[in-house]
>>> print(open('model.cif').read())   # mmCIF, C-alpha atoms, pLDDT in the B column; chains and numbers go by the auth columns
data_target
#
loop_
_atom_site.group_PDB
_atom_site.id
_atom_site.type_symbol
_atom_site.label_atom_id
_atom_site.label_comp_id
_atom_site.label_asym_id
_atom_site.label_seq_id
_atom_site.Cartn_x
_atom_site.Cartn_y
_atom_site.Cartn_z
_atom_site.B_iso_or_equiv
_atom_site.auth_seq_id
_atom_site.auth_asym_id
ATOM 1 C CA MET A 1 110.857 25.892 35.685 70.00 28 A
ATOM 2 C CA ASP A 2 109.288 28.569 33.512 93.00 29 A
ATOM 3 C CA PHE A 3 108.145 27.968 29.970 97.00 30 A
ATOM 4 C CA LEU A 4 108.104 30.323 27.006 97.00 31 A
ATOM 5 C CA LEU A 5 105.377 30.651 24.386 98.00 32 A
ATOM 6 C CA ARG A 6 106.342 31.877 20.932 98.00 33 A
ATOM 7 C CA GLY A 7 105.455 31.538 17.283 98.00 34 A
ATOM 8 C CA VAL A 8 107.039 28.779 15.254 98.00 35 A
ATOM 9 C CA ARG A 9 110.353 29.691 13.606 98.00 36 A
ATOM 10 C CA PRO A 10 112.228 28.168 10.676 98.00 37 A
ATOM 11 C CA GLY A 11 114.094 25.158 12.002 98.00 38 A
ATOM 12 C CA ASP A 12 111.314 24.160 14.431 98.00 39 A
ATOM 13 C CA GLU A 13 109.449 22.018 11.897 98.00 40 A
ATOM 14 C CA ALA A 14 111.129 18.672 12.697 98.00 41 A
ATOM 15 C CA ARG A 15 110.343 18.972 16.408 98.00 42 A
ATOM 16 C CA VAL A 16 106.782 20.106 15.667 98.00 43 A
ATOM 17 C CA LEU A 17 106.351 17.030 13.477 98.00 44 A
ATOM 18 C CA GLU A 18 107.678 14.788 16.277 98.00 45 A
ATOM 19 C CA LEU A 19 105.008 16.189 18.585 98.00 46 A
ATOM 20 C CA VAL A 20 102.321 15.715 15.920 98.00 47 A
ATOM 21 C CA VAL A 21 103.355 12.052 15.740 97.00 48 A
ATOM 22 C CA GLU A 22 103.205 11.784 19.562 97.00 49 A
ATOM 23 C CA LEU A 23 99.684 13.218 19.406 96.00 50 A
ATOM 24 C CA ALA A 24 98.670 10.704 16.741 96.00 51 A
ATOM 25 C CA VAL A 25 99.910 7.861 18.954 96.00 52 A
ATOM 26 C CA TYR A 26 97.922 9.274 21.884 94.00 53 A
ATOM 27 C CA GLU A 27 94.832 9.551 19.678 94.00 54 A
ATOM 28 C CA ARG A 28 95.205 5.868 18.708 94.00 55 A
ATOM 29 C CA GLU A 29 96.150 6.593 15.092 94.00 56 A
ATOM 30 C CA PRO A 30 99.937 6.101 15.050 88.00 57 A
ATOM 31 C CA ASP A 31 100.105 5.566 11.283 94.00 58 A
ATOM 32 C CA ALA A 32 97.836 8.475 10.323 94.00 59 A
ATOM 33 C CA VAL A 33 100.510 11.179 10.066 97.00 60 A
ATOM 34 C CA LYS A 34 101.577 11.637 6.452 96.00 61 A
ATOM 35 C CA ALA A 35 102.979 15.176 6.834 97.00 62 A
ATOM 36 C CA SER A 36 106.673 15.825 6.286 97.00 63 A
ATOM 37 C CA VAL A 37 109.015 18.531 7.520 98.00 64 A
ATOM 38 C CA ALA A 38 108.771 20.073 4.040 98.00 65 A
ATOM 39 C CA ASP A 39 104.967 20.087 4.298 98.00 66 A
ATOM 40 C CA LEU A 40 105.128 21.964 7.599 98.00 67 A
ATOM 41 C CA THR A 41 107.688 24.409 6.221 98.00 68 A
ATOM 42 C CA ALA A 42 105.386 25.203 3.310 98.00 69 A
ATOM 43 C CA ALA A 43 102.347 25.472 5.603 98.00 70 A
ATOM 44 C CA PHE A 44 103.983 27.793 8.150 98.00 71 A
ATOM 45 C CA PHE A 45 106.236 29.892 5.917 98.00 72 A
ATOM 46 C CA GLY A 46 104.691 29.732 2.431 97.00 73 A
ATOM 47 C CA VAL A 47 103.017 32.752 0.883 97.00 74 A
ATOM 48 C CA PRO A 48 100.315 32.778 1.953 95.00 75 A
ATOM 49 C CA ALA A 49 100.851 30.671 5.044 97.00 76 A
ATOM 50 C CA ALA A 50 98.274 27.890 5.357 97.00 77 A
ATOM 51 C CA ALA A 51 98.680 27.519 9.116 98.00 78 A
ATOM 52 C CA GLU A 52 100.339 28.974 12.155 98.00 79 A
ATOM 53 C CA CYS A 53 101.843 27.276 15.164 98.00 80 A
ATOM 54 C CA LEU A 54 102.337 28.449 18.710 98.00 81 A
ATOM 55 C CA VAL A 55 105.088 26.508 20.488 98.00 82 A
ATOM 56 C CA ALA A 56 105.916 26.129 24.150 98.00 83 A
ATOM 57 C CA GLU A 57 109.574 25.878 25.122 98.00 84 A
ATOM 58 C CA LEU A 58 110.833 24.472 28.388 97.00 85 A
ATOM 59 C CA GLY A 59 114.552 24.532 29.022 94.00 86 A
ATOM 60 C CA GLY A 60 115.149 25.407 25.379 95.00 87 A
ATOM 61 C CA GLU A 61 113.194 22.405 24.070 97.00 88 A
ATOM 62 C CA ILE A 62 109.827 22.583 22.318 98.00 89 A
ATOM 63 C CA VAL A 63 107.423 20.611 24.526 98.00 90 A
ATOM 64 C CA GLY A 64 104.066 21.868 23.301 98.00 91 A
ATOM 65 C CA ILE A 65 102.345 22.873 20.081 98.00 92 A
ATOM 66 C CA ALA A 66 99.127 24.584 19.114 98.00 93 A
ATOM 67 C CA LEU A 67 98.655 24.400 15.324 98.00 94 A
ATOM 68 C CA HIS A 68 95.924 26.713 14.096 98.00 95 A
ATOM 69 C CA ALA A 69 94.480 28.364 11.014 98.00 96 A
ATOM 70 C CA ARG A 70 91.764 30.802 10.042 97.00 97 A
ATOM 71 C CA ASN A 71 88.263 29.676 9.219 96.00 98 A
ATOM 72 C CA PHE A 72 85.170 31.652 8.285 96.00 99 A
ATOM 73 C CA SER A 73 81.614 31.750 9.591 95.00 100 A
ATOM 74 C CA THR A 74 78.863 32.759 7.207 96.00 101 A
ATOM 75 C CA TRP A 75 76.594 33.233 10.222 94.00 102 A
ATOM 76 C CA THR A 76 78.810 35.873 11.805 94.00 103 A
ATOM 77 C CA GLY A 77 80.321 37.102 8.544 96.00 104 A
ATOM 78 C CA LYS A 78 83.703 37.017 10.243 96.00 105 A
ATOM 79 C CA THR A 79 86.891 35.031 10.365 97.00 106 A
ATOM 80 C CA GLY A 80 87.539 32.633 13.223 96.00 107 A
ATOM 81 C CA LEU A 81 90.471 30.748 14.637 97.00 108 A
ATOM 82 C CA TYR A 82 90.422 26.955 14.292 97.00 109 A
ATOM 83 C CA LEU A 83 92.750 24.947 16.518 97.00 110 A
ATOM 84 C CA GLU A 84 93.813 21.839 14.616 97.00 111 A
ATOM 85 C CA ASP A 85 96.139 20.321 17.212 96.00 112 A
ATOM 86 C CA LEU A 86 97.002 21.083 20.820 97.00 113 A
ATOM 87 C CA TYR A 87 99.592 18.838 22.395 97.00 114 A
ATOM 88 C CA VAL A 88 101.935 19.010 25.376 97.00 115 A
ATOM 89 C CA SER A 89 104.548 16.319 25.959 97.00 116 A
ATOM 90 C CA PRO A 90 103.734 14.129 28.967 96.00 117 A
ATOM 91 C CA SER A 91 106.893 15.294 30.788 95.00 118 A
ATOM 92 C CA ALA A 92 105.691 18.914 30.617 97.00 119 A
ATOM 93 C CA ARG A 93 102.058 18.419 31.593 95.00 120 A
ATOM 94 C CA GLY A 94 100.629 19.905 34.764 94.00 121 A
ATOM 95 C CA MET A 95 102.616 23.121 34.414 96.00 122 A
ATOM 96 C CA GLY A 96 99.853 25.197 32.845 96.00 123 A
ATOM 97 C CA ILE A 97 101.277 25.058 29.320 97.00 124 A
ATOM 98 C CA GLY A 98 98.073 23.861 27.636 96.00 125 A
ATOM 99 C CA ARG A 99 96.010 26.491 29.417 96.00 126 A
ATOM 100 C CA ALA A 100 98.531 29.215 28.576 97.00 127 A
ATOM 101 C CA MET A 101 98.484 28.237 24.903 97.00 128 A
ATOM 102 C CA LEU A 102 94.679 28.360 24.774 96.00 129 A
ATOM 103 C CA VAL A 103 94.681 31.748 26.522 96.00 130 A
ATOM 104 C CA GLU A 104 97.227 33.064 24.010 97.00 131 A
ATOM 105 C CA LEU A 105 95.195 31.755 21.075 97.00 132 A
ATOM 106 C CA ALA A 106 92.091 33.449 22.516 97.00 133 A
ATOM 107 C CA ARG A 107 94.079 36.682 22.774 97.00 134 A
ATOM 108 C CA ILE A 108 95.171 36.333 19.143 97.00 135 A
ATOM 109 C CA ALA A 109 91.570 35.753 18.061 97.00 136 A
ATOM 110 C CA VAL A 110 90.332 38.800 19.966 97.00 137 A
ATOM 111 C CA ALA A 111 93.193 41.012 18.737 97.00 138 A
ATOM 112 C CA ARG A 112 92.464 40.039 15.131 97.00 139 A
ATOM 113 C CA GLY A 113 88.742 40.663 15.505 96.00 140 A
ATOM 114 C CA TYR A 114 87.789 37.030 14.999 97.00 141 A
ATOM 115 C CA ALA A 115 84.279 35.985 15.994 96.00 142 A
ATOM 116 C CA ARG A 116 85.099 32.452 17.174 95.00 143 A
ATOM 117 C CA PHE A 117 87.787 30.156 18.512 96.00 144 A
ATOM 118 C CA GLU A 118 86.906 26.507 18.003 96.00 145 A
ATOM 119 C CA TRP A 119 88.364 23.030 17.785 95.00 146 A
ATOM 120 C CA SER A 120 87.400 19.374 17.812 93.00 147 A
ATOM 121 C CA VAL A 121 88.021 16.841 20.554 93.00 148 A
ATOM 122 C CA LEU A 122 87.631 13.080 20.421 91.00 149 A
ATOM 123 C CA ASP A 123 84.486 12.035 22.281 90.00 150 A
ATOM 124 C CA TRP A 124 86.405 9.439 24.340 92.00 151 A
ATOM 125 C CA ASN A 125 88.990 11.970 25.573 91.00 152 A
ATOM 126 C CA ALA A 126 87.258 12.787 28.859 93.00 153 A
ATOM 127 C CA PRO A 127 90.284 14.502 30.474 92.00 154 A
ATOM 128 C CA ALA A 128 90.570 16.911 27.531 92.00 155 A
ATOM 129 C CA ILE A 129 86.834 17.578 27.513 93.00 156 A
ATOM 130 C CA ARG A 130 86.871 18.380 31.247 94.00 157 A
ATOM 131 C CA PHE A 131 89.894 20.631 30.745 91.00 158 A
ATOM 132 C CA TYR A 132 88.274 22.530 27.866 94.00 159 A
ATOM 133 C CA GLU A 133 84.995 22.920 29.752 94.00 160 A
ATOM 134 C CA SER A 134 86.910 24.288 32.763 93.00 161 A
ATOM 135 C CA LEU A 135 88.099 27.092 30.468 92.00 162 A
ATOM 136 C CA GLY A 136 84.574 27.957 29.356 93.00 163 A
ATOM 137 C CA ALA A 137 84.396 25.930 26.126 94.00 164 A
ATOM 138 C CA ARG A 138 81.118 24.213 25.344 93.00 165 A
ATOM 139 C CA MET A 139 80.430 21.108 23.322 90.00 166 A
ATOM 140 C CA MET A 140 78.434 21.532 20.147 90.00 167 A
ATOM 141 C CA ASP A 141 76.365 18.369 20.568 86.00 168 A
ATOM 142 C CA GLU A 142 74.181 19.043 17.549 86.00 169 A
ATOM 143 C CA TRP A 143 77.112 18.935 15.114 86.00 170 A
ATOM 144 C CA THR A 144 78.970 15.952 13.693 85.00 171 A
ATOM 145 C CA VAL A 145 82.230 16.317 11.783 85.00 172 A
ATOM 146 C CA MET A 146 82.031 15.130 8.181 89.00 173 A
ATOM 147 C CA ARG A 147 85.102 14.373 6.086 89.00 174 A
ATOM 148 C CA VAL A 148 85.977 13.293 2.577 91.00 175 A
ATOM 149 C CA ASP A 149 89.628 12.397 1.966 90.00 176 A
ATOM 150 C CA GLY A 150 91.932 10.101 0.040 89.00 177 A
ATOM 151 C CA GLU A 151 90.244 8.018 -2.646 93.00 178 A
ATOM 152 C CA GLY A 152 86.804 9.276 -1.623 94.00 179 A
ATOM 153 C CA LEU A 153 87.922 12.858 -2.231 93.00 180 A
ATOM 154 C CA ARG A 154 89.332 11.984 -5.633 94.00 181 A
ATOM 155 C CA ALA A 155 86.134 10.134 -6.546 93.00 182 A
ATOM 156 C CA LEU A 156 83.961 13.072 -5.489 91.00 183 A
ATOM 157 C CA ALA A 157 86.132 15.471 -7.471 93.00 184 A
ATOM 158 C CA ALA A 158 85.738 13.256 -10.533 94.00 185 A
ATOM 159 C CA GLY A 159 81.991 13.691 -10.324 94.00 186 A
#
>>> encode(input="model.cif", output="C-alpha cells")
Amino acid sequence: MDFLLRGVRPGDEARVLELVVELAVYEREPDAVKASVADLTAAFFGVPAAAECLVAELGGEIVGIALHARNFSTWTGKTGLYLEDLYVSPSARGMGIGRAMLVELARIAVARGYARFEWSVLDWNAPAIRFYESLGARMMDEWTVMRVDGEGLRALAAG
C-alpha cells in the first residue's frame, strides 16, 4: 500500500498528539507530554507559526509525523531546520515512511536555503542511530544537550 506525505492541516492536531504520546511511551517518558490539541493548533497555525509538521498518511490515516521548526546558526549565519520529533506507528514501519519523511525535510531545507538539518536522538536508541547514519547523518559526539525547564526555568528567569 502506498503512503502519502503532506503538511499538517487543521483537524489533524488530535491525531498528531496521539502519535506524540506514542513516541513518549517509546522513549520511556509516558507522562512527559503536556501539550494539548489547542497547543498544537497554535503552534502549527498561529501567526507566526512556531512549528511545522509533515504527516504520513496510509489508507487515509495519519501514521507518521515529523515535527520541525527553524533554528539559526551563528557559525553559518543561516537558518537551519531542526527536527523535534520523527515517529512512525509500529504498524506502518518498514515501508520507507521514515526515510521518505527525512528526504522530504532535507528537500525543504535545501529549497529554503537552510545551512543545516539536525535533530537529537537518545543515546540508547541504537536502531534509530543506525538508521540515521545509513542516511548520511553523523553524531556530534562533542556536544551535550543542555536544558532548563519548569521550576528551574522560572528560577533562572527570576535572577
>>> residues_around(input="model.cif", residues="region 166-182 of chain A", least_positions_apart="3", cutoff="12 Å", atoms="all atoms listed in the file", output="JSON, numbers by chain")
{"A": [59, 61, 145, 146, 147, 148, 149, 150, 155, 156, 157, 159, 160, 161, 163, 185, 186]}
>>> residues_around(input="model.cif", residues="Leu46 (chain A)", least_positions_apart="3", cutoff="10 Å", atoms="only C-alpha atoms", output="number ranges by chain")
A: 40-43, 49-52, 89-92, 112-116
>>> residues_around(input="model.cif", residues="Leu110 (chain A)", least_positions_apart="3", cutoff="12 Å", atoms="only C-alpha atoms", output="list in words")
Ala78, Glu79, Cys80, Leu81, Ile92, Ala93, Leu94, His95, Ala96, Arg97, Asn98, Gly107, Leu113, Tyr114, Met128, Leu129, Glu131, Leu132, Ala133, Ile135, Ala136, Arg143, Phe144, Glu145, Trp146, Ser147 and Val148 of chain A
>>> atom_distance(input="model.cif", atom1="CA of Ala119 (chain A)", atom2="CA of Ala153 (chain A)")
19.5 Å
>>> atom_distance(input="model.cif", atom1="CA of Arg33 (chain A)", atom2="CA of Arg165 (chain A)")
26.7 Å
>>> atom_distance(input="model.cif", atom1="CA of Val64 (chain A)", atom2="CA of Arg36 (chain A)")
12.8 Å
>>> closest_residue(input="model.cif", among="A:Val82, A:Val60, A:Ala164, A:Leu44", to="Ala127 (chain A)", atoms="all atoms listed in the file")
A:Val82
>>> build_atoms(input="model.cif", residues="region 147-158 of chain A", atoms="N, CA and C atoms", output="compact mmCIF listing (two decimals), in the frame of the given file")
# COMPACT_ATOMS: atom_id res chain seq x y z
N SER A 147 88.07 20.66 17.61
CA SER A 147 87.40 19.37 17.81
C SER A 147 88.14 18.59 18.89
N VAL A 148 87.42 17.72 19.55
CA VAL A 148 88.02 16.84 20.55
C VAL A 148 87.37 15.47 20.39
N LEU A 149 88.17 14.44 20.52
CA LEU A 149 87.63 13.08 20.42
C LEU A 149 86.66 12.82 21.56
N ASP A 150 85.53 12.21 21.26
CA ASP A 150 84.49 12.04 22.28
C ASP A 150 84.91 11.14 23.43
N TRP A 151 85.93 10.31 23.26
CA TRP A 151 86.40 9.44 24.34
C TRP A 151 87.46 10.11 25.22
N ASN A 152 87.91 11.31 24.84
CA ASN A 152 88.99 11.97 25.57
C ASN A 152 88.43 12.81 26.72
N ALA A 153 87.92 12.12 27.73
CA ALA A 153 87.26 12.79 28.86
C ALA A 153 88.16 13.79 29.58
N PRO A 154 89.45 13.49 29.81
CA PRO A 154 90.28 14.50 30.47
C PRO A 154 90.38 15.80 29.68
N ALA A 155 90.50 15.70 28.35
CA ALA A 155 90.57 16.91 27.53
C ALA A 155 89.25 17.66 27.56
N ILE A 156 88.15 16.93 27.48
CA ILE A 156 86.83 17.58 27.51
C ILE A 156 86.64 18.33 28.82
N ARG A 157 86.99 17.70 29.94
CA ARG A 157 86.87 18.38 31.25
C ARG A 157 87.75 19.63 31.29
N PHE A 158 88.97 19.50 30.78
CA PHE A 158 89.89 20.63 30.74
C PHE A 158 89.32 21.78 29.93
